[in-house]
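Just start-v9.cif here, mmCIF, N, CA and C atoms:
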```
data_my_file
loop_
_atom_site.label_atom_id
_atom_site.label_comp_id
_atom_site.auth_asym_id
_atom_site.auth_seq_id
_atom_site.Cartn_x
_atom_site.Cartn_y
_atom_site.Cartn_z
N MET A 1 3.53 -33.95 27.31
CA MET A 1 3.03 -34.23 25.99
C MET A 1 1.52 -34.02 25.98
N ALA A 2 1.06 -33.33 24.99
CA ALA A 2 -0.36 -33.05 24.88
C ALA A 2 -1.09 -34.28 24.38
N THR A 3 -2.33 -34.43 24.83
CA THR A 3 -3.12 -35.56 24.37
C THR A 3 -3.58 -35.30 22.94
N GLN A 4 -3.79 -36.39 22.24
CA GLN A 4 -4.22 -36.28 20.85
C GLN A 4 -5.66 -35.80 20.79
N SER A 5 -5.94 -35.08 19.75
CA SER A 5 -7.32 -34.64 19.54
C SER A 5 -8.15 -35.83 19.06
N TYR A 6 -9.46 -35.64 19.13
CA TYR A 6 -10.37 -36.69 18.67
C TYR A 6 -10.09 -37.03 17.22
N ARG A 7 -9.86 -36.02 16.41
CA ARG A 7 -9.61 -36.22 14.98
C ARG A 7 -8.35 -37.07 14.77
N GLU A 8 -7.30 -36.79 15.51
CA GLU A 8 -6.05 -37.55 15.37
C GLU A 8 -6.23 -38.99 15.84
N ARG A 9 -6.99 -39.18 16.93
CA ARG A 9 -7.24 -40.53 17.43
C ARG A 9 -8.03 -41.34 16.41
N MET A 10 -9.06 -40.73 15.82
CA MET A 10 -9.88 -41.42 14.82
C MET A 10 -9.06 -41.74 13.56
N LYS A 11 -8.20 -40.81 13.18
CA LYS A 11 -7.34 -41.03 12.01
C LYS A 11 -6.40 -42.22 12.26
N ALA A 12 -5.82 -42.28 13.44
CA ALA A 12 -4.92 -43.38 13.79
C ALA A 12 -5.69 -44.70 13.86
N GLN A 13 -6.91 -44.65 14.42
CA GLN A 13 -7.72 -45.86 14.52
C GLN A 13 -8.11 -46.37 13.13
N ARG A 14 -8.48 -45.48 12.22
CA ARG A 14 -8.81 -45.88 10.85
C ARG A 14 -7.61 -46.45 10.13
N ALA A 15 -6.44 -45.85 10.34
CA ALA A 15 -5.21 -46.34 9.71
C ALA A 15 -4.87 -47.74 10.21
N GLU A 16 -5.07 -47.96 11.50
CA GLU A 16 -4.80 -49.28 12.07
C GLU A 16 -5.77 -50.32 11.52
N ALA A 17 -7.05 -49.97 11.42
CA ALA A 17 -8.05 -50.90 10.90
C ALA A 17 -7.77 -51.19 9.42
N ARG A 18 -7.36 -50.18 8.68
CA ARG A 18 -7.05 -50.37 7.26
C ARG A 18 -5.85 -51.31 7.08
N ALA A 19 -4.82 -51.11 7.90
CA ALA A 19 -3.64 -51.97 7.82
C ALA A 19 -4.00 -53.42 8.15
N LYS A 20 -4.88 -53.60 9.13
CA LYS A 20 -5.32 -54.95 9.50
C LYS A 20 -6.10 -55.59 8.36
N ARG A 21 -7.01 -54.83 7.74
CA ARG A 21 -7.79 -55.36 6.60
C ARG A 21 -6.87 -55.72 5.44
N GLN A 22 -5.90 -54.87 5.14
CA GLN A 22 -4.98 -55.15 4.04
C GLN A 22 -4.14 -56.38 4.32
N ALA A 23 -3.71 -56.58 5.55
CA ALA A 23 -2.93 -57.77 5.90
C ALA A 23 -3.78 -59.03 5.76
N GLU A 24 -5.04 -58.97 6.21
CA GLU A 24 -5.93 -60.11 6.07
C GLU A 24 -6.20 -60.42 4.61
N GLN A 25 -6.40 -59.39 3.81
CA GLN A 25 -6.67 -59.57 2.39
C GLN A 25 -5.44 -60.17 1.68
N ALA A 26 -4.26 -59.69 2.03
CA ALA A 26 -3.04 -60.22 1.42
C ALA A 26 -2.86 -61.70 1.77
N GLU A 27 -3.16 -62.06 3.02
CA GLU A 27 -3.06 -63.46 3.43
C GLU A 27 -4.06 -64.32 2.67
N TRP A 28 -5.28 -63.82 2.51
CA TRP A 28 -6.31 -64.55 1.76
C TRP A 28 -5.87 -64.76 0.32
N HIS A 29 -5.28 -63.74 -0.30
CA HIS A 29 -4.81 -63.85 -1.68
C HIS A 29 -3.66 -64.86 -1.80
N ARG A 30 -2.77 -64.88 -0.81
CA ARG A 30 -1.67 -65.85 -0.83
C ARG A 30 -2.21 -67.28 -0.76
N ARG A 31 -3.18 -67.51 0.12
CA ARG A 31 -3.76 -68.86 0.23
C ARG A 31 -4.49 -69.25 -1.05
N ALA A 32 -5.22 -68.31 -1.63
CA ALA A 32 -5.96 -68.60 -2.87
C ALA A 32 -4.99 -68.89 -4.01
N GLU A 33 -3.90 -68.12 -4.09
CA GLU A 33 -2.90 -68.35 -5.13
C GLU A 33 -2.27 -69.73 -4.98
N LEU A 34 -1.99 -70.12 -3.74
CA LEU A 34 -1.41 -71.44 -3.50
C LEU A 34 -2.38 -72.55 -3.89
N ARG A 35 -3.66 -72.42 -3.52
CA ARG A 35 -4.65 -73.43 -3.90
C ARG A 35 -4.74 -73.56 -5.42
N CYS A 36 -4.80 -72.43 -6.10
CA CYS A 36 -4.93 -72.47 -7.56
C CYS A 36 -3.69 -73.09 -8.21
N GLU A 37 -2.53 -72.76 -7.71
CA GLU A 37 -1.29 -73.31 -8.27
C GLU A 37 -1.21 -74.81 -8.04
N ILE A 38 -1.64 -75.27 -6.86
CA ILE A 38 -1.63 -76.71 -6.56
C ILE A 38 -2.57 -77.43 -7.51
N ARG A 39 -3.78 -76.90 -7.68
CA ARG A 39 -4.75 -77.54 -8.58
C ARG A 39 -4.24 -77.56 -10.01
N LYS A 40 -3.61 -76.47 -10.45
CA LYS A 40 -3.08 -76.40 -11.82
C LYS A 40 -1.99 -77.44 -12.02
N LEU A 41 -1.06 -77.55 -11.07
CA LEU A 41 0.02 -78.53 -11.18
C LEU A 41 -0.53 -79.96 -11.18
N ALA A 42 -1.51 -80.22 -10.32
CA ALA A 42 -2.09 -81.56 -10.27
C ALA A 42 -2.80 -81.89 -11.58
N MET A 43 -3.56 -80.94 -12.11
CA MET A 43 -4.27 -81.18 -13.37
C MET A 43 -3.29 -81.38 -14.52
N ASP A 44 -2.22 -80.59 -14.56
CA ASP A 44 -1.20 -80.76 -15.60
C ASP A 44 -0.55 -82.14 -15.51
N ALA A 45 -0.29 -82.60 -14.29
CA ALA A 45 0.32 -83.92 -14.11
C ALA A 45 -0.63 -85.03 -14.56
N VAL A 46 -1.91 -84.90 -14.24
CA VAL A 46 -2.90 -85.90 -14.66
C VAL A 46 -2.98 -85.95 -16.17
N LYS A 47 -3.05 -84.78 -16.81
CA LYS A 47 -3.13 -84.74 -18.27
C LYS A 47 -1.87 -85.31 -18.91
N ALA A 48 -0.72 -85.01 -18.34
CA ALA A 48 0.54 -85.56 -18.87
C ALA A 48 0.55 -87.08 -18.74
N GLY A 49 0.04 -87.60 -17.63
CA GLY A 49 -0.03 -89.05 -17.44
C GLY A 49 -0.96 -89.70 -18.45
N ILE A 50 -2.08 -89.07 -18.73
CA ILE A 50 -3.03 -89.60 -19.71
C ILE A 50 -2.39 -89.63 -21.09
N ARG A 51 -1.74 -88.54 -21.44
CA ARG A 51 -1.08 -88.48 -22.75
C ARG A 51 0.06 -89.48 -22.85
N ALA A 52 0.77 -89.72 -21.74
CA ALA A 52 1.87 -90.69 -21.74
C ALA A 52 1.36 -92.11 -21.98
N ARG A 53 0.14 -92.40 -21.54
CA ARG A 53 -0.45 -93.71 -21.78
C ARG A 53 -0.96 -93.84 -23.21
N GLY A 54 -1.00 -92.75 -23.95
CA GLY A 54 -1.47 -92.79 -25.33
C GLY A 54 -2.95 -92.49 -25.47
N ASP A 55 -3.61 -92.13 -24.38
CA ASP A 55 -5.03 -91.78 -24.43
C ASP A 55 -5.19 -90.30 -24.75
N LYS A 56 -6.41 -89.94 -25.08
CA LYS A 56 -6.72 -88.53 -25.31
C LYS A 56 -7.41 -87.97 -24.08
N VAL A 57 -7.03 -86.77 -23.73
CA VAL A 57 -7.60 -86.12 -22.56
C VAL A 57 -9.09 -85.88 -22.77
N GLN A 58 -9.50 -85.65 -24.01
CA GLN A 58 -10.89 -85.35 -24.32
C GLN A 58 -11.83 -86.52 -24.00
N LEU A 59 -11.28 -87.71 -23.85
CA LEU A 59 -12.11 -88.87 -23.54
C LEU A 59 -12.55 -88.90 -22.08
N TYR A 60 -11.96 -88.05 -21.24
CA TYR A 60 -12.26 -88.01 -19.82
C TYR A 60 -13.12 -86.79 -19.52
N SER A 61 -14.08 -86.95 -18.63
CA SER A 61 -14.90 -85.81 -18.21
C SER A 61 -14.09 -84.94 -17.25
N HIS A 62 -14.57 -83.74 -17.08
CA HIS A 62 -13.88 -82.82 -16.17
C HIS A 62 -13.91 -83.37 -14.74
N ALA A 63 -15.02 -83.99 -14.37
CA ALA A 63 -15.13 -84.56 -13.02
C ALA A 63 -14.11 -85.68 -12.81
N GLN A 64 -13.89 -86.51 -13.84
CA GLN A 64 -12.90 -87.58 -13.73
C GLN A 64 -11.49 -87.00 -13.60
N LEU A 65 -11.21 -85.98 -14.39
CA LEU A 65 -9.90 -85.34 -14.31
C LEU A 65 -9.68 -84.71 -12.94
N MET A 66 -10.71 -84.02 -12.43
CA MET A 66 -10.58 -83.38 -11.12
C MET A 66 -10.41 -84.42 -10.01
N ALA A 67 -11.11 -85.53 -10.11
CA ALA A 67 -10.97 -86.58 -9.10
C ALA A 67 -9.55 -87.13 -9.08
N GLN A 68 -8.99 -87.37 -10.26
CA GLN A 68 -7.62 -87.86 -10.34
C GLN A 68 -6.64 -86.81 -9.83
N ALA A 69 -6.88 -85.55 -10.16
CA ALA A 69 -5.99 -84.48 -9.72
C ALA A 69 -6.05 -84.31 -8.20
N ASN A 70 -7.25 -84.38 -7.63
CA ASN A 70 -7.38 -84.25 -6.17
C ASN A 70 -6.71 -85.40 -5.45
N ALA A 71 -6.75 -86.59 -6.04
CA ALA A 71 -6.09 -87.74 -5.42
C ALA A 71 -4.57 -87.61 -5.47
N MET A 72 -4.08 -86.82 -6.42
CA MET A 72 -2.65 -86.66 -6.60
C MET A 72 -2.04 -85.62 -5.66
N ILE A 73 -2.86 -84.76 -5.08
CA ILE A 73 -2.35 -83.67 -4.24
C ILE A 73 -1.73 -84.26 -2.98
N GLY A 74 -0.50 -83.83 -2.72
CA GLY A 74 0.23 -84.29 -1.55
C GLY A 74 1.22 -83.23 -1.10
N PRO A 75 1.96 -83.50 -0.05
CA PRO A 75 2.92 -82.51 0.48
C PRO A 75 3.99 -82.11 -0.54
N TRP A 76 4.42 -83.03 -1.35
CA TRP A 76 5.46 -82.72 -2.34
C TRP A 76 4.92 -81.76 -3.40
N LEU A 77 3.64 -81.89 -3.75
CA LEU A 77 3.03 -81.00 -4.73
C LEU A 77 2.85 -79.60 -4.14
N VAL A 78 2.50 -79.54 -2.86
CA VAL A 78 2.36 -78.26 -2.18
C VAL A 78 3.71 -77.55 -2.13
N ALA A 79 4.77 -78.29 -1.84
CA ALA A 79 6.11 -77.71 -1.79
C ALA A 79 6.53 -77.20 -3.18
N GLN A 80 6.20 -77.97 -4.20
CA GLN A 80 6.54 -77.54 -5.56
C GLN A 80 5.77 -76.28 -5.94
N ALA A 81 4.51 -76.21 -5.56
CA ALA A 81 3.70 -75.03 -5.86
C ALA A 81 4.25 -73.80 -5.13
N LYS A 82 4.63 -73.97 -3.88
CA LYS A 82 5.21 -72.86 -3.12
C LYS A 82 6.50 -72.38 -3.76
N ALA A 83 7.31 -73.31 -4.25
CA ALA A 83 8.57 -72.94 -4.91
C ALA A 83 8.29 -72.17 -6.20
N GLN A 84 7.31 -72.60 -6.97
CA GLN A 84 6.99 -71.90 -8.21
C GLN A 84 6.45 -70.50 -7.93
N ILE A 85 5.62 -70.36 -6.92
CA ILE A 85 5.09 -69.05 -6.56
C ILE A 85 6.22 -68.13 -6.10
N ALA A 86 7.12 -68.66 -5.28
CA ALA A 86 8.24 -67.86 -4.80
C ALA A 86 9.14 -67.42 -5.96
N GLU A 87 9.38 -68.33 -6.90
CA GLU A 87 10.21 -67.99 -8.05
C GLU A 87 9.53 -66.93 -8.91
N ARG A 88 8.24 -67.09 -9.13
CA ARG A 88 7.50 -66.13 -9.94
C ARG A 88 7.49 -64.75 -9.26
N ASN A 89 7.27 -64.73 -7.95
CA ASN A 89 7.25 -63.46 -7.23
C ASN A 89 8.62 -62.80 -7.19
N SER A 90 9.68 -63.60 -7.09
CA SER A 90 11.03 -63.01 -7.08
C SER A 90 11.38 -62.43 -8.44
N GLN A 91 10.90 -63.04 -9.52
CA GLN A 91 11.16 -62.50 -10.85
C GLN A 91 10.42 -61.18 -11.04
N VAL A 92 9.19 -61.11 -10.55
CA VAL A 92 8.42 -59.87 -10.67
C VAL A 92 9.06 -58.77 -9.84
N MET A 93 9.50 -59.10 -8.63
CA MET A 93 10.10 -58.10 -7.75
C MET A 93 11.46 -57.63 -8.28
N SER A 94 12.20 -58.51 -8.95
CA SER A 94 13.53 -58.13 -9.42
C SER A 94 13.46 -57.17 -10.59
N LYS A 95 12.35 -57.18 -11.33
CA LYS A 95 12.22 -56.27 -12.46
C LYS A 95 12.03 -54.83 -11.99
N GLY A 96 11.43 -54.65 -10.84
CA GLY A 96 11.27 -53.32 -10.30
C GLY A 96 10.12 -52.52 -10.89
N GLU A 97 9.42 -53.07 -11.83
CA GLU A 97 8.28 -52.39 -12.40
C GLU A 97 7.21 -53.40 -12.73
N LYS A 98 6.00 -52.92 -12.94
CA LYS A 98 4.91 -53.82 -13.26
C LYS A 98 5.08 -54.38 -14.66
N PRO A 99 4.68 -55.62 -14.88
CA PRO A 99 4.76 -56.18 -16.24
C PRO A 99 3.81 -55.44 -17.17
N ALA A 100 4.21 -55.31 -18.42
CA ALA A 100 3.40 -54.60 -19.40
C ALA A 100 2.16 -55.41 -19.73
N VAL A 101 1.10 -54.71 -20.05
CA VAL A 101 -0.14 -55.36 -20.44
C VAL A 101 0.07 -55.99 -21.81
N GLN A 102 -0.37 -57.24 -21.96
CA GLN A 102 -0.11 -57.96 -23.19
C GLN A 102 -1.06 -57.57 -24.33
N GLY A 103 -2.29 -57.24 -24.01
CA GLY A 103 -3.28 -56.95 -25.05
C GLY A 103 -3.25 -55.50 -25.48
N LEU A 104 -3.91 -55.22 -26.57
CA LEU A 104 -4.04 -53.86 -27.06
C LEU A 104 -5.39 -53.31 -26.63
N PRO A 105 -5.47 -52.00 -26.44
CA PRO A 105 -6.77 -51.41 -26.15
C PRO A 105 -7.72 -51.65 -27.32
N LEU A 106 -8.99 -51.59 -27.05
CA LEU A 106 -10.00 -51.90 -28.05
C LEU A 106 -9.87 -50.98 -29.26
N ASN A 107 -9.65 -49.70 -29.04
CA ASN A 107 -9.56 -48.78 -30.18
C ASN A 107 -8.34 -49.06 -31.05
N GLU A 108 -7.23 -49.51 -30.47
CA GLU A 108 -6.06 -49.83 -31.28
C GLU A 108 -6.27 -51.10 -32.09
N CYS A 109 -6.99 -52.06 -31.52
CA CYS A 109 -7.28 -53.29 -32.26
C CYS A 109 -8.10 -52.97 -33.51
N HIS A 110 -9.11 -52.11 -33.35
CA HIS A 110 -9.94 -51.75 -34.49
C HIS A 110 -9.15 -50.94 -35.51
N ALA A 111 -8.22 -50.10 -35.03
CA ALA A 111 -7.43 -49.30 -35.96
C ALA A 111 -6.54 -50.20 -36.81
N HIS A 112 -5.94 -51.21 -36.19
CA HIS A 112 -5.08 -52.13 -36.93
C HIS A 112 -5.91 -52.99 -37.89
N LYS A 113 -7.10 -53.37 -37.45
CA LYS A 113 -7.95 -54.20 -38.29
C LYS A 113 -8.39 -53.42 -39.53
N GLY A 114 -8.75 -52.14 -39.35
CA GLY A 114 -9.18 -51.32 -40.47
C GLY A 114 -8.03 -50.99 -41.41
N ALA A 115 -6.80 -50.87 -40.87
CA ALA A 115 -5.66 -50.52 -41.71
C ALA A 115 -5.24 -51.69 -42.61
N GLY A 116 -5.51 -52.93 -42.15
CA GLY A 116 -5.10 -54.10 -42.92
C GLY A 116 -6.01 -54.42 -44.07
N GLU A 117 -7.19 -53.81 -44.12
CA GLU A 117 -8.14 -54.16 -45.17
C GLU A 117 -7.90 -53.39 -46.43
#
```
Can the structure from this file be put into structure tokens for me?
Amino acid sequence: MATQSYRERMKAQRAEARAKRQAEQAEWHRRAELRCEIRKLAMDAVKAGIRARGDKVQLYSHAQLMAQANAMIGPWLVAQAKAQIAERNSQVMSKGEKPAVQGLPLNECHAHKGAGE
């Protein structure tokens, strides 16, 4: 077997480094998604508890809400967040295509606005 040329070795080395970077980036995104989902669930639970007591959420500062939400985070909330992420990802994967963009391009928005006048 002939040895690889310098060009082939460098190409393989770059491909390996790229795959490693992409794997690290994907892991970072998974952790960030989990943190955000946990915080969202905790904040929603705090707000629901406040509303259940008959209080208004607007009476609490953001810092107070965050403190209550952080105190609420536990293993059961992490498990629930992981389950929601898994369910959401399985729904996206089962469709087989990317979800459609919800908004209209800027030029279409202006066209509709001008047509209604």
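Between atom C of Lys40 in chain A and CA of Ala81 in chain A there is a distance of 8.7 Å.
Proximity to Ala32 in chain A was assessed for A:Leu77, A:Gln64, A:Lys82, A:Ile50 counting only C-alpha atoms; the smallest distance is recorded for A:Lys82.
Coordinates place CA of Asn70 in chain A at a distance of 10.8 Å from atom C of Ala45 in chain A.
Atom N of Ala42 in chain A is positioned 6.5 Å from atom C of Ala69 in chain A.
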